[in-house]
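**Student:** One file: entry-v2.tsv (TSV, C-alpha atoms).
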```tsv
chain	number	residue	atom	x	y	z
M	1	MET	CA	0.00	0.00	0.00
M	2	LEU	CA	1.18	3.50	-0.83
M	3	SER	CA	0.42	5.29	2.43
M	4	ARG	CA	1.73	8.84	1.96
M	5	ILE	CA	3.22	11.44	-0.32
M	6	ASP	CA	6.78	10.97	0.89
M	7	HIS	CA	8.37	13.84	-0.98
M	8	ILE	CA	8.35	16.14	-3.98
M	9	GLY	CA	11.67	16.18	-5.82
M	10	ILE	CA	12.60	19.62	-7.15
M	11	ALA	CA	15.56	20.08	-9.51
M	12	CYS	CA	17.60	23.26	-9.23
M	13	HIS	CA	20.83	24.73	-10.55
M	14	ASP	CA	22.13	26.02	-7.21
M	15	LEU	CA	21.22	24.02	-4.10
M	16	ASP	CA	22.33	26.65	-1.58
M	17	ALA	CA	20.35	29.41	-3.31
M	18	THR	CA	17.25	27.21	-3.49
M	19	VAL	CA	17.56	26.17	0.16
M	20	GLU	CA	17.80	29.84	1.06
M	21	PHE	CA	14.69	30.64	-1.01
M	22	TYR	CA	12.62	28.00	0.85
M	23	ARG	CA	13.97	29.17	4.21
M	24	SER	CA	13.54	32.89	3.76
M	25	THR	CA	10.21	32.71	1.88
M	26	TYR	CA	8.39	30.01	3.85
M	27	GLY	CA	10.50	29.20	6.88
M	28	PHE	CA	11.34	25.62	5.88
M	29	GLU	CA	14.62	24.41	7.34
M	30	VAL	CA	17.08	21.79	6.11
M	31	HIS	CA	16.79	18.57	8.09
M	32	HIS	CA	19.38	16.59	6.14
M	33	ARG	CA	21.91	16.98	3.34
M	34	GLU	CA	23.72	14.33	1.35
M	35	VAL	CA	25.46	13.54	-1.90
M	36	ASN	CA	24.18	10.50	-3.78
M	37	GLU	CA	26.86	9.60	-6.30
M	38	GLU	CA	24.80	6.81	-7.88
M	39	GLN	CA	21.90	9.21	-8.54
M	40	GLY	CA	24.34	11.97	-9.48
M	41	VAL	CA	22.85	14.55	-7.13
M	42	ARG	CA	23.59	16.77	-4.19
M	43	GLU	CA	20.41	17.14	-2.15
M	44	ALA	CA	18.74	18.81	0.81
M	45	MET	CA	15.66	17.44	2.60
M	46	LEU	CA	13.19	19.96	4.07
M	47	ARG	CA	10.53	18.47	6.33
M	48	VAL	CA	7.05	19.96	5.74
M	49	ASN	CA	4.66	17.81	7.82
M	50	GLY	CA	4.11	14.50	9.55
M	51	THR	CA	1.74	11.93	8.04
M	52	ASP	CA	-0.83	9.59	9.56
M	53	ASP	CA	1.14	6.47	8.57
M	54	GLY	CA	3.92	7.50	10.98
M	55	GLY	CA	6.09	9.10	8.30
M	56	ALA	CA	6.53	12.60	6.95
M	57	THR	CA	6.34	14.60	3.74
M	58	TRP	CA	9.44	16.39	2.53
M	59	LEU	CA	10.69	18.71	-0.15
M	60	GLN	CA	13.76	17.16	-1.74
M	61	LEU	CA	15.90	19.80	-3.44
M	62	LEU	CA	18.23	18.30	-6.03
M	63	GLN	CA	21.29	19.78	-7.74
M	64	PRO	CA	23.00	17.58	-10.33
M	65	LEU	CA	26.63	16.68	-9.72
M	66	ARG	CA	27.26	16.43	-13.46
M	67	GLU	CA	25.57	17.82	-16.57
M	68	ASP	CA	25.34	14.32	-18.05
M	69	SER	CA	23.51	12.87	-15.03
M	70	PRO	CA	19.77	12.17	-15.38
M	71	VAL	CA	18.83	15.24	-13.32
M	72	GLY	CA	21.44	17.33	-15.17
M	73	LYS	CA	19.98	16.35	-18.54
M	74	TRP	CA	16.45	16.95	-17.25
M	75	LEU	CA	17.40	20.44	-16.04
M	76	ALA	CA	18.95	21.30	-19.40
M	77	ARG	CA	15.69	20.36	-21.16
M	78	HIS	CA	13.08	21.64	-18.69
M	79	GLY	CA	14.75	24.24	-16.50
M	80	GLU	CA	14.20	24.29	-12.76
M	81	GLY	CA	10.99	22.75	-11.42
M	82	VAL	CA	9.29	19.63	-10.09
M	83	HIS	CA	11.33	16.63	-11.21
M	84	HIS	CA	9.41	13.77	-9.57
M	85	ILE	CA	6.91	12.83	-6.88
M	86	ALA	CA	7.41	9.98	-4.41
M	87	PHE	CA	4.91	7.75	-2.65
M	88	GLY	CA	5.91	6.18	0.65
M	89	THR	CA	5.25	2.53	1.49
M	90	ASP	CA	6.53	0.02	4.03
M	91	ASP	CA	7.38	-2.47	1.26
M	92	VAL	CA	8.95	-0.99	-1.88
M	93	ASP	CA	9.78	-4.45	-3.24
M	94	ALA	CA	6.16	-5.63	-3.14
M	95	GLU	CA	4.83	-2.34	-4.54
M	96	ALA	CA	7.37	-2.38	-7.39
M	97	ASP	CA	6.35	-5.94	-8.26
M	98	ALA	CA	2.67	-5.01	-8.10
M	99	VAL	CA	2.90	-2.02	-10.42
M	100	ARG	CA	5.17	-3.96	-12.80
M	101	GLY	CA	2.47	-6.61	-12.92
M	102	ARG	CA	-0.02	-3.91	-13.94
M	103	GLY	CA	2.08	-3.05	-17.00
M	104	VAL	CA	4.01	-0.07	-15.65
M	105	ARG	CA	7.74	-0.06	-16.43
M	106	VAL	CA	9.87	-0.04	-13.27
M	107	LEU	CA	13.28	1.54	-13.96
M	108	TYR	CA	15.39	-0.58	-11.58
M	109	ASP	CA	15.53	-4.37	-11.35
M	110	ALA	CA	15.91	-4.00	-7.58
M	111	PRO	CA	15.48	-0.93	-5.33
M	112	ARG	CA	18.48	1.34	-4.90
M	113	ARG	CA	19.62	3.65	-2.12
M	114	GLY	CA	17.72	6.93	-1.73
M	115	SER	CA	17.76	9.80	0.77
M	116	MET	CA	18.54	9.06	4.42
M	117	GLY	CA	19.13	5.35	3.84
M	118	SER	CA	15.79	4.73	2.16
M	119	ARG	CA	15.22	2.16	-0.60
M	120	ILE	CA	13.74	3.55	-3.80
M	121	THR	CA	12.65	2.75	-7.31
M	122	PHE	CA	11.23	4.82	-10.16
M	123	LEU	CA	8.38	4.23	-12.60
M	124	HIS	CA	8.63	5.31	-16.23
M	125	PRO	CA	6.91	8.66	-16.67
M	126	GLN	CA	5.51	7.63	-20.05
M	127	ASP	CA	3.53	4.93	-18.23
M	128	CYS	CA	2.35	7.41	-15.52
M	129	HIS	CA	0.73	10.20	-17.56
M	130	GLY	CA	3.95	12.20	-17.70
M	131	VAL	CA	4.81	12.03	-13.99
M	132	LEU	CA	8.19	10.57	-13.01
M	133	THR	CA	7.05	8.59	-9.99
M	134	GLU	CA	9.19	7.19	-7.19
M	135	ILE	CA	8.24	4.55	-4.64
M	136	VAL	CA	10.20	4.71	-1.39
M	137	THR	CA	10.56	2.80	1.86
M	138	ALA	CA	12.23	4.80	4.62
M	139	ALA	CA	15.21	3.32	6.46
M	140	ALA	CA	13.42	3.23	9.81
M	141	PRO	CA	10.31	4.76	11.36
M	142	ASP	CA	12.37	7.49	13.01
M	143	ALA	CA	13.91	8.40	9.67
M	144	ALA	CA	10.50	8.44	8.00
M	145	ARG	CA	9.21	10.84	10.64
M	146	GLY	CA	12.22	13.08	10.44
M	147	HIS	CA	13.40	12.47	14.00
M	148	SER	CA	17.10	12.25	14.68
M	149	ALA	CA	18.44	8.92	15.89
M	150	HIS	CA	20.55	10.47	18.63
F	1	MET	CA	2.66	29.13	8.70
F	2	LEU	CA	2.62	26.63	5.85
F	3	SER	CA	1.79	23.44	7.74
F	4	ARG	CA	1.45	20.75	5.09
F	5	ILE	CA	1.80	19.74	1.47
F	6	ASP	CA	-1.90	20.10	0.65
F	7	HIS	CA	-1.82	18.67	-2.85
F	8	ILE	CA	0.12	18.04	-6.02
F	9	GLY	CA	-1.67	19.34	-9.12
F	10	ILE	CA	-1.24	17.06	-12.14
F	11	ALA	CA	-2.39	18.18	-15.60
F	12	CYS	CA	-3.80	15.55	-17.95
F	13	HIS	CA	-5.56	15.34	-21.30
F	14	ASP	CA	-8.25	12.87	-20.20
F	15	LEU	CA	-9.43	13.05	-16.61
F	16	ASP	CA	-11.32	9.75	-16.62
F	17	ALA	CA	-8.36	7.84	-18.07
F	18	THR	CA	-5.98	9.39	-15.53
F	19	VAL	CA	-8.31	8.69	-12.61
F	20	GLU	CA	-8.49	5.08	-13.80
F	21	PHE	CA	-4.68	4.90	-13.98
F	22	TYR	CA	-4.30	6.04	-10.35
F	23	ARG	CA	-7.07	3.67	-9.21
F	24	SER	CA	-5.92	0.55	-11.04
F	25	THR	CA	-2.18	1.10	-10.51
F	26	TYR	CA	-2.09	2.31	-6.89
F	27	GLY	CA	-5.60	1.90	-5.48
F	28	PHE	CA	-6.26	5.63	-4.98
F	29	GLU	CA	-9.96	6.48	-5.14
F	30	VAL	CA	-11.72	9.69	-6.11
F	31	HIS	CA	-12.99	11.57	-3.07
F	32	HIS	CA	-14.40	14.57	-4.90
F	33	ARG	CA	-14.97	15.89	-8.43
F	34	GLU	CA	-15.79	19.37	-9.56
F	35	VAL	CA	-15.65	21.82	-12.45
F	36	ASN	CA	-13.99	25.17	-11.71
F	37	GLU	CA	-15.04	27.52	-14.51
F	38	GLU	CA	-12.86	30.37	-13.25
F	39	GLN	CA	-9.75	28.18	-13.29
F	40	GLY	CA	-10.90	26.53	-16.54
F	41	VAL	CA	-10.51	22.97	-15.26
F	42	ARG	CA	-12.40	19.77	-14.59
F	43	GLU	CA	-10.77	18.06	-11.61
F	44	ALA	CA	-10.71	14.99	-9.38
F	45	MET	CA	-9.30	14.92	-5.85
F	46	LEU	CA	-7.65	11.68	-4.65
F	47	ARG	CA	-6.83	11.56	-0.95
F	48	VAL	CA	-3.41	10.03	-0.19
F	49	ASN	CA	-2.84	10.60	3.56
F	50	GLY	CA	-3.76	12.63	6.60
F	51	THR	CA	-1.35	15.22	7.96
F	52	ASP	CA	-0.35	16.21	11.49
F	53	ASP	CA	-1.92	19.68	11.17
F	54	GLY	CA	-5.37	18.07	10.94
F	55	GLY	CA	-5.52	18.23	7.15
F	56	ALA	CA	-4.67	15.84	4.34
F	57	THR	CA	-2.52	15.54	1.24
F	58	TRP	CA	-4.22	14.97	-2.10
F	59	LEU	CA	-3.49	14.36	-5.74
F	60	GLN	CA	-5.44	16.90	-7.78
F	61	LEU	CA	-5.93	15.67	-11.35
F	62	LEU	CA	-6.72	18.53	-13.74
F	63	GLN	CA	-8.15	18.46	-17.26
F	64	PRO	CA	-8.52	21.83	-19.00
F	65	LEU	CA	-12.01	22.85	-20.07
F	66	ARG	CA	-10.59	24.87	-22.96
F	67	GLU	CA	-7.34	24.86	-24.92
F	68	ASP	CA	-6.86	28.58	-24.23
F	69	SER	CA	-7.14	28.20	-20.42
F	70	PRO	CA	-3.92	28.42	-18.37
F	71	VAL	CA	-3.79	24.64	-17.84
F	72	GLY	CA	-4.69	24.07	-21.50
F	73	LYS	CA	-1.80	26.24	-22.66
F	74	TRP	CA	0.53	24.62	-20.14
F	75	LEU	CA	-0.41	21.15	-21.41
F	76	ALA	CA	0.21	22.17	-25.01
F	77	ARG	CA	3.72	23.33	-24.08
F	78	HIS	CA	4.77	20.71	-21.54
F	79	GLY	CA	2.59	17.64	-22.08
F	80	GLU	CA	1.07	15.80	-19.13
F	81	GLY	CA	2.82	16.07	-15.78
F	82	VAL	CA	3.08	17.93	-12.48
F	83	HIS	CA	1.55	21.39	-12.99
F	84	HIS	CA	1.88	22.84	-9.47
F	85	ILE	CA	2.39	22.07	-5.80
F	86	ALA	CA	0.25	23.50	-2.99
F	87	PHE	CA	1.08	24.29	0.61
F	88	GLY	CA	-1.75	24.28	3.15
F	89	THR	CA	-2.16	26.98	5.79
F	90	ASP	CA	-4.93	28.18	8.07
F	91	ASP	CA	-4.52	31.77	6.79
F	92	VAL	CA	-3.97	32.14	3.06
F	93	ASP	CA	-4.43	35.93	3.25
F	94	ALA	CA	-1.62	36.39	5.77
F	95	GLU	CA	0.69	33.98	3.98
F	96	ALA	CA	0.10	35.69	0.62
F	97	ASP	CA	0.89	39.05	2.19
F	98	ALA	CA	4.01	37.64	3.83
F	99	VAL	CA	5.49	36.13	0.68
F	100	ARG	CA	4.57	39.25	-1.31
F	101	GLY	CA	6.52	41.24	1.26
F	102	ARG	CA	9.53	39.00	0.61
F	103	GLY	CA	9.52	39.95	-3.08
F	104	VAL	CA	7.62	36.99	-4.54
F	105	ARG	CA	4.92	37.89	-7.09
F	106	VAL	CA	1.47	36.72	-5.97
F	107	LEU	CA	-0.77	36.15	-9.00
F	108	TYR	CA	-4.10	37.21	-7.45
F	109	ASP	CA	-4.90	40.44	-5.61
F	110	ALA	CA	-7.17	38.41	-3.31
F	111	PRO	CA	-7.56	34.65	-2.90
F	112	ARG	CA	-9.97	32.87	-5.24
F	113	ARG	CA	-12.07	29.74	-4.93
F	114	GLY	CA	-10.23	26.42	-5.16
F	115	SER	CA	-11.17	22.76	-4.74
F	116	MET	CA	-13.86	21.82	-2.22
F	117	GLY	CA	-14.59	25.41	-1.23
F	118	SER	CA	-10.99	26.26	-0.36
F	119	ARG	CA	-9.41	29.70	-0.85
F	120	ILE	CA	-6.27	29.76	-2.96
F	121	THR	CA	-3.62	31.92	-4.51
F	122	PHE	CA	-0.61	31.22	-6.71
F	123	LEU	CA	2.97	32.45	-6.67
F	124	HIS	CA	4.84	33.23	-9.87
F	125	PRO	CA	7.00	30.24	-10.82
F	126	GLN	CA	9.81	32.51	-12.00
F	127	ASP	CA	10.11	33.74	-8.40
F	128	CYS	CA	10.01	30.17	-7.00
F	129	HIS	CA	12.86	28.43	-8.87
F	130	GLY	CA	10.51	27.19	-11.60
F	131	VAL	CA	7.81	25.74	-9.36
F	132	LEU	CA	4.25	27.06	-9.79
F	133	THR	CA	3.33	27.24	-6.12
F	134	GLU	CA	-0.16	27.48	-4.63
F	135	ILE	CA	-1.11	28.48	-1.09
F	136	VAL	CA	-4.45	27.12	0.10
F	137	THR	CA	-6.73	27.33	3.11
F	138	ALA	CA	-9.32	24.55	3.24
F	139	ALA	CA	-12.99	25.43	3.65
F	140	ALA	CA	-13.28	23.68	7.02
F	141	PRO	CA	-11.29	21.17	9.07
F	142	ASP	CA	-13.51	18.31	7.88
F	143	ALA	CA	-12.89	19.27	4.26
F	144	ALA	CA	-9.15	19.53	4.90
F	145	ARG	CA	-9.11	16.04	6.38
F	146	GLY	CA	-11.18	14.56	3.59
F	147	HIS	CA	-14.11	13.59	5.80
F	148	SER	CA	-17.62	13.93	4.41
F	149	ALA	CA	-19.94	16.42	6.09
F	150	HIS	CA	-22.88	14.00	6.14
```
Show me the file's structure as structure tokens.
**Tutor:**
Amino acid sequence: MLSRIDHIGIACHDLDATVEFYRSTYGFEVHHREVNEEQGVREAMLRVNGTDDGGATWLQLLQPLREDSPVGKWLARHGEGVHHIAFGTDDVDAEADAVRGRGVRVLYDAPRRGSMGSRITFLHPQDCHGVLTEIVTAAAPDAARGHSAH
Amino acid sequence: MLSRIDHIGIACHDLDATVEFYRSTYGFEVHHREVNEEQGVREAMLRVNGTDDGGATWLQLLQPLREDSPVGKWLARHGEGVHHIAFGTDDVDAEADAVRGRGVRVLYDAPRRGSMGSRITFLHPQDCHGVLTEIVTAAAPDAARGHSAH
């Protein structure tokens, strides 16, 4: 079951400038930063609200590490904006199998590492009415909620 | 204060086909349908999760009523996909004034009617790193949560 909007992924040219825009305009603060070499992005996670499945909904700001990365190529074509949306679930493997069985192309054979130790996969936007769609299982309930482990 | 992701607005060519995609692929059901003549859209609201501010997060599927409406023109340029994101607040007037005061262009002089009796305004995407951003106050707590009044 997909039990929440986990995050909205927003591609930008300058992560620090975009973080500052979301802080100064709306008051959203950075909860977590990381570099994901496999995905080719530098990212910041801004927590917006908690969700009734015990998780949270985030803004994920993404700056490509390289122009030839998927997000870099997307930015060159589209400019800054919403890159993908992500649904949270407690079982990304089962959900990926289920949607594959319904004829939707799943981009990874097995889930890969996402933000904050999560496991993620993506669905082909051409099979999802133009929306690049991620399915994500958080690393642990505390991580899903945005609470620190220490 | 912006206290939740209220919805993700997704533009599509065929509302019924897109509703059926979200139902058959993920199990999301339509909670509400309406036509908003002022916005020039036919829409369906799919509830994804409740939020810790007492509201909910929705997918808002949007089909333009006319090719020359804002969503119609957007679709012709971009194709189907994420059209906007919306932050929920209990005071859209105050939030609109606040972001205007921070130099962000607000598209309406006063909030207009949105889904399910809500009051909405939009921020210029060029001032928001490419993201067409809506601010919304739900009509009533029950409407925000997605509970029926009867």
**Student:** Would you give me, as JSON lines, each residue of chain F having an atom within 8 Å of an atom of chain M, along with its shortest atom pair and that distance in Å to one decimal, using only C-alpha atoms and sorting by chain and residue number?
**Tutor:**
```
{"residue": "F:Met1", "atom": "CA", "partner": "M:Tyr26", "partner_atom": "CA", "distance": 7.6}
{"residue": "F:Leu2", "atom": "CA", "partner": "M:Tyr26", "partner_atom": "CA", "distance": 7.0}
{"residue": "F:Ser3", "atom": "CA", "partner": "M:Asn49", "partner_atom": "CA", "distance": 6.3}
{"residue": "F:Arg4", "atom": "CA", "partner": "M:Asn49", "partner_atom": "CA", "distance": 5.1}
{"residue": "F:Ile5", "atom": "CA", "partner": "M:Val48", "partner_atom": "CA", "distance": 6.8}
{"residue": "F:Cys12", "atom": "CA", "partner": "M:His129", "partner_atom": "CA", "distance": 7.0}
{"residue": "F:Thr18", "atom": "CA", "partner": "M:His129", "partner_atom": "CA", "distance": 7.1}
{"residue": "F:Phe21", "atom": "CA", "partner": "M:Cys128", "partner_atom": "CA", "distance": 7.6}
{"residue": "F:Ser24", "atom": "CA", "partner": "M:Arg102", "partner_atom": "CA", "distance": 7.9}
{"residue": "F:Thr25", "atom": "CA", "partner": "M:Val99", "partner_atom": "CA", "distance": 6.0}
{"residue": "F:Tyr26", "atom": "CA", "partner": "M:Leu2", "partner_atom": "CA", "distance": 7.0}
{"residue": "F:Val48", "atom": "CA", "partner": "M:Arg4", "partner_atom": "CA", "distance": 5.7}
{"residue": "F:Asn49", "atom": "CA", "partner": "M:Arg4", "partner_atom": "CA", "distance": 5.2}
{"residue": "F:Gly50", "atom": "CA", "partner": "M:Asp52", "partner_atom": "CA", "distance": 5.2}
{"residue": "F:Thr51", "atom": "CA", "partner": "M:Thr51", "partner_atom": "CA", "distance": 4.5}
{"residue": "F:Asp52", "atom": "CA", "partner": "M:Gly50", "partner_atom": "CA", "distance": 5.2}
{"residue": "F:Asp53", "atom": "CA", "partner": "M:Asn49", "partner_atom": "CA", "distance": 7.6}
{"residue": "F:Thr57", "atom": "CA", "partner": "M:Ile5", "partner_atom": "CA", "distance": 7.2}
{"residue": "F:Gly79", "atom": "CA", "partner": "M:Gly130", "partner_atom": "CA", "distance": 7.1}
{"residue": "F:Glu80", "atom": "CA", "partner": "M:Gly130", "partner_atom": "CA", "distance": 4.8}
{"residue": "F:Gly81", "atom": "CA", "partner": "M:Gly130", "partner_atom": "CA", "distance": 4.5}
{"residue": "F:Val82", "atom": "CA", "partner": "M:Val131", "partner_atom": "CA", "distance": 6.3}
{"residue": "F:Val99", "atom": "CA", "partner": "M:Thr25", "partner_atom": "CA", "distance": 6.0}
{"residue": "F:Arg102", "atom": "CA", "partner": "M:Thr25", "partner_atom": "CA", "distance": 6.5}
{"residue": "F:Cys128", "atom": "CA", "partner": "M:Phe21", "partner_atom": "CA", "distance": 7.6}
{"residue": "F:His129", "atom": "CA", "partner": "M:Glu80", "partner_atom": "CA", "distance": 5.8}
{"residue": "F:Gly130", "atom": "CA", "partner": "M:Gly81", "partner_atom": "CA", "distance": 4.5}
{"residue": "F:Val131", "atom": "CA", "partner": "M:Gly81", "partner_atom": "CA", "distance": 4.8}
```
**Student:** Could you write out chain F as a tab-separated table (two decimals) with C-alpha atoms, in the frame of the given file once it has been least-squares superposed on chain M using every ordered C-alpha pair?
**Tutor:**
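The resulting part-v9.tsv:
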```
chain	number	residue	atom	x	y	z
F	1	MET	CA	-0.01	-0.01	0.01
F	2	LEU	CA	1.18	3.49	-0.84
F	3	SER	CA	0.42	5.29	2.42
F	4	ARG	CA	1.72	8.82	1.96
F	5	ILE	CA	3.21	11.43	-0.33
F	6	ASP	CA	6.78	10.96	0.89
F	7	HIS	CA	8.37	13.84	-0.98
F	8	ILE	CA	8.35	16.13	-3.97
F	9	GLY	CA	11.67	16.17	-5.82
F	10	ILE	CA	12.59	19.62	-7.14
F	11	ALA	CA	15.55	20.08	-9.50
F	12	CYS	CA	17.60	23.26	-9.21
F	13	HIS	CA	20.82	24.74	-10.55
F	14	ASP	CA	22.13	26.01	-7.20
F	15	LEU	CA	21.23	24.02	-4.11
F	16	ASP	CA	22.34	26.64	-1.59
F	17	ALA	CA	20.37	29.41	-3.30
F	18	THR	CA	17.25	27.22	-3.48
F	19	VAL	CA	17.55	26.15	0.15
F	20	GLU	CA	17.81	29.83	1.07
F	21	PHE	CA	14.70	30.62	-0.99
F	22	TYR	CA	12.62	28.00	0.85
F	23	ARG	CA	13.99	29.15	4.23
F	24	SER	CA	13.55	32.89	3.76
F	25	THR	CA	10.23	32.70	1.90
F	26	TYR	CA	8.40	29.98	3.86
F	27	GLY	CA	10.53	29.18	6.92
F	28	PHE	CA	11.34	25.59	5.90
F	29	GLU	CA	14.64	24.39	7.36
F	30	VAL	CA	17.09	21.78	6.12
F	31	HIS	CA	16.80	18.54	8.08
F	32	HIS	CA	19.38	16.56	6.14
F	33	ARG	CA	21.92	16.96	3.33
F	34	GLU	CA	23.70	14.32	1.35
F	35	VAL	CA	25.47	13.53	-1.91
F	36	ASN	CA	24.17	10.49	-3.81
F	37	GLU	CA	26.87	9.58	-6.33
F	38	GLU	CA	24.79	6.82	-7.91
F	39	GLN	CA	21.90	9.20	-8.58
F	40	GLY	CA	24.35	11.98	-9.51
F	41	VAL	CA	22.84	14.56	-7.16
F	42	ARG	CA	23.60	16.78	-4.20
F	43	GLU	CA	20.41	17.13	-2.16
F	44	ALA	CA	18.74	18.80	0.81
F	45	MET	CA	15.68	17.43	2.60
F	46	LEU	CA	13.20	19.95	4.07
F	47	ARG	CA	10.53	18.46	6.32
F	48	VAL	CA	7.05	19.94	5.75
F	49	ASN	CA	4.66	17.79	7.85
F	50	GLY	CA	4.11	14.48	9.56
F	51	THR	CA	1.74	11.93	8.04
F	52	ASP	CA	-0.83	9.58	9.56
F	53	ASP	CA	1.15	6.46	8.56
F	54	GLY	CA	3.92	7.48	10.98
F	55	GLY	CA	6.09	9.07	8.29
F	56	ALA	CA	6.53	12.58	6.95
F	57	THR	CA	6.34	14.59	3.75
F	58	TRP	CA	9.45	16.38	2.54
F	59	LEU	CA	10.69	18.70	-0.15
F	60	GLN	CA	13.76	17.14	-1.74
F	61	LEU	CA	15.89	19.80	-3.44
F	62	LEU	CA	18.23	18.29	-6.04
F	63	GLN	CA	21.28	19.77	-7.75
F	64	PRO	CA	23.00	17.57	-10.35
F	65	LEU	CA	26.63	16.67	-9.73
F	66	ARG	CA	27.27	16.44	-13.47
F	67	GLU	CA	25.59	17.83	-16.58
F	68	ASP	CA	25.36	14.32	-18.06
F	69	SER	CA	23.51	12.85	-15.03
F	70	PRO	CA	19.77	12.18	-15.39
F	71	VAL	CA	18.84	15.26	-13.34
F	72	GLY	CA	21.45	17.32	-15.19
F	73	LYS	CA	19.96	16.37	-18.55
F	74	TRP	CA	16.45	16.96	-17.25
F	75	LEU	CA	17.41	20.45	-16.05
F	76	ALA	CA	18.95	21.31	-19.41
F	77	ARG	CA	15.69	20.37	-21.15
F	78	HIS	CA	13.09	21.64	-18.69
F	79	GLY	CA	14.76	24.26	-16.50
F	80	GLU	CA	14.20	24.29	-12.74
F	81	GLY	CA	11.00	22.76	-11.42
F	82	VAL	CA	9.29	19.64	-10.08
F	83	HIS	CA	11.34	16.63	-11.22
F	84	HIS	CA	9.40	13.78	-9.57
F	85	ILE	CA	6.91	12.83	-6.88
F	86	ALA	CA	7.41	9.97	-4.41
F	87	PHE	CA	4.92	7.74	-2.66
F	88	GLY	CA	5.93	6.17	0.65
F	89	THR	CA	5.26	2.52	1.50
F	90	ASP	CA	6.53	0.02	4.03
F	91	ASP	CA	7.38	-2.47	1.24
F	92	VAL	CA	8.96	-0.99	-1.87
F	93	ASP	CA	9.78	-4.46	-3.24
F	94	ALA	CA	6.16	-5.62	-3.16
F	95	GLU	CA	4.84	-2.35	-4.54
F	96	ALA	CA	7.36	-2.38	-7.40
F	97	ASP	CA	6.35	-5.93	-8.26
F	98	ALA	CA	2.67	-5.01	-8.10
F	99	VAL	CA	2.89	-2.02	-10.43
F	100	ARG	CA	5.17	-3.96	-12.79
F	101	GLY	CA	2.46	-6.61	-12.92
F	102	ARG	CA	-0.03	-3.92	-13.95
F	103	GLY	CA	2.07	-3.04	-17.00
F	104	VAL	CA	4.01	-0.05	-15.66
F	105	ARG	CA	7.75	-0.05	-16.45
F	106	VAL	CA	9.87	-0.04	-13.29
F	107	LEU	CA	13.27	1.54	-13.98
F	108	TYR	CA	15.38	-0.59	-11.61
F	109	ASP	CA	15.53	-4.38	-11.37
F	110	ALA	CA	15.91	-3.99	-7.59
F	111	PRO	CA	15.48	-0.95	-5.35
F	112	ARG	CA	18.48	1.34	-4.91
F	113	ARG	CA	19.62	3.64	-2.13
F	114	GLY	CA	17.73	6.91	-1.73
F	115	SER	CA	17.77	9.79	0.76
F	116	MET	CA	18.54	9.06	4.41
F	117	GLY	CA	19.14	5.35	3.84
F	118	SER	CA	15.79	4.73	2.15
F	119	ARG	CA	15.23	2.17	-0.63
F	120	ILE	CA	13.74	3.54	-3.82
F	121	THR	CA	12.66	2.75	-7.33
F	122	PHE	CA	11.21	4.81	-10.16
F	123	LEU	CA	8.38	4.23	-12.61
F	124	HIS	CA	8.63	5.30	-16.23
F	125	PRO	CA	6.90	8.67	-16.67
F	126	GLN	CA	5.50	7.63	-20.05
F	127	ASP	CA	3.52	4.93	-18.22
F	128	CYS	CA	2.35	7.40	-15.52
F	129	HIS	CA	0.71	10.19	-17.56
F	130	GLY	CA	3.95	12.20	-17.68
F	131	VAL	CA	4.80	12.05	-13.98
F	132	LEU	CA	8.19	10.58	-13.01
F	133	THR	CA	7.04	8.59	-10.00
F	134	GLU	CA	9.19	7.19	-7.20
F	135	ILE	CA	8.25	4.54	-4.64
F	136	VAL	CA	10.21	4.70	-1.39
F	137	THR	CA	10.55	2.80	1.86
F	138	ALA	CA	12.24	4.80	4.61
F	139	ALA	CA	15.21	3.31	6.44
F	140	ALA	CA	13.42	3.24	9.80
F	141	PRO	CA	10.31	4.78	11.36
F	142	ASP	CA	12.38	7.51	13.02
F	143	ALA	CA	13.92	8.43	9.67
F	144	ALA	CA	10.50	8.45	8.02
F	145	ARG	CA	9.18	10.82	10.66
F	146	GLY	CA	12.18	13.11	10.47
F	147	HIS	CA	13.31	12.52	14.04
F	148	SER	CA	17.03	12.36	14.76
F	149	ALA	CA	18.43	9.07	16.03
F	150	HIS	CA	20.51	10.74	18.75
```
**Student:** My list of candidates is F:Ala94, F:Ala86, F:Val41, F:Leu75. Which is closest to F:Ser118 when distances are computed with all atoms listed in the file?
**Tutor:**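 Going through F:Ala94, F:Ala86, F:Val41, F:Leu75 one by one, the smallest distance to F:Ser118 is for F:Ala86.
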**Student:** Between atom CA of M:Pro111 and atom CA of M:Asn36, measure the distance and give it in Å to one decimal.
**Tutor:**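 One can read the atom CA of M:Pro111 to atom CA of M:Asn36 distance as 14.4 Å.
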**Student:** When you draw a straight line from atom CA of M:Phe122 to atom CA of F:Glu134, how long is it in Å?
**Tutor:** 26.0 Å
**Student:** Point out the residue among F:Leu62, F:Ala110, F:Ala143, F:Ala138 with the least atom-to-atom distance to F:Gly40, counting all atoms listed in the file.
**Tutor:**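 Among the listed residues, the smallest separation from F:Gly40 belongs to F:Leu62.
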**Student:** Excluding F:Met45 and its own-chain neighbours fewer than 3 positions away, which residues fall within 6 Å of it when counting all atoms listed in the file? Please give them as a list in words.
**Tutor:** Val30, His31, His32, Leu59 and Gln60 of chain F
**Student:** So the first atom is atom CA of F:Glu43 and the second is atom CA of M:Thr121; what is the distance between them in Å, to one decimal place?
**Tutor:**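 We find that atom CA of F:Glu43 and atom CA of M:Thr121 lie 28.3 Å from each other.
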**Student:** For F:Val35, list every protein, DNA or RNA residue within 12 Å, evaluated using only C-alpha atoms, and leave out those in the same chain fewer than 6 positions away; present the list as a tab-separated table (two decimals) with C-alpha atoms, in the coordinates of the input.
**Tutor:**
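Below you can see part.tsv, which holds the result:
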```
chain	number	residue	atom	x	y	z
F	15	LEU	CA	-9.43	13.05	-16.61
F	41	VAL	CA	-10.51	22.97	-15.26
F	42	ARG	CA	-12.40	19.77	-14.59
F	43	GLU	CA	-10.77	18.06	-11.61
F	44	ALA	CA	-10.71	14.99	-9.38
F	45	MET	CA	-9.30	14.92	-5.85
F	61	LEU	CA	-5.93	15.67	-11.35
F	62	LEU	CA	-6.72	18.53	-13.74
F	63	GLN	CA	-8.15	18.46	-17.26
F	64	PRO	CA	-8.52	21.83	-19.00
F	65	LEU	CA	-12.01	22.85	-20.07
F	113	ARG	CA	-12.07	29.74	-4.93
F	114	GLY	CA	-10.23	26.42	-5.16
F	115	SER	CA	-11.17	22.76	-4.74
F	116	MET	CA	-13.86	21.82	-2.22
F	117	GLY	CA	-14.59	25.41	-1.23
```
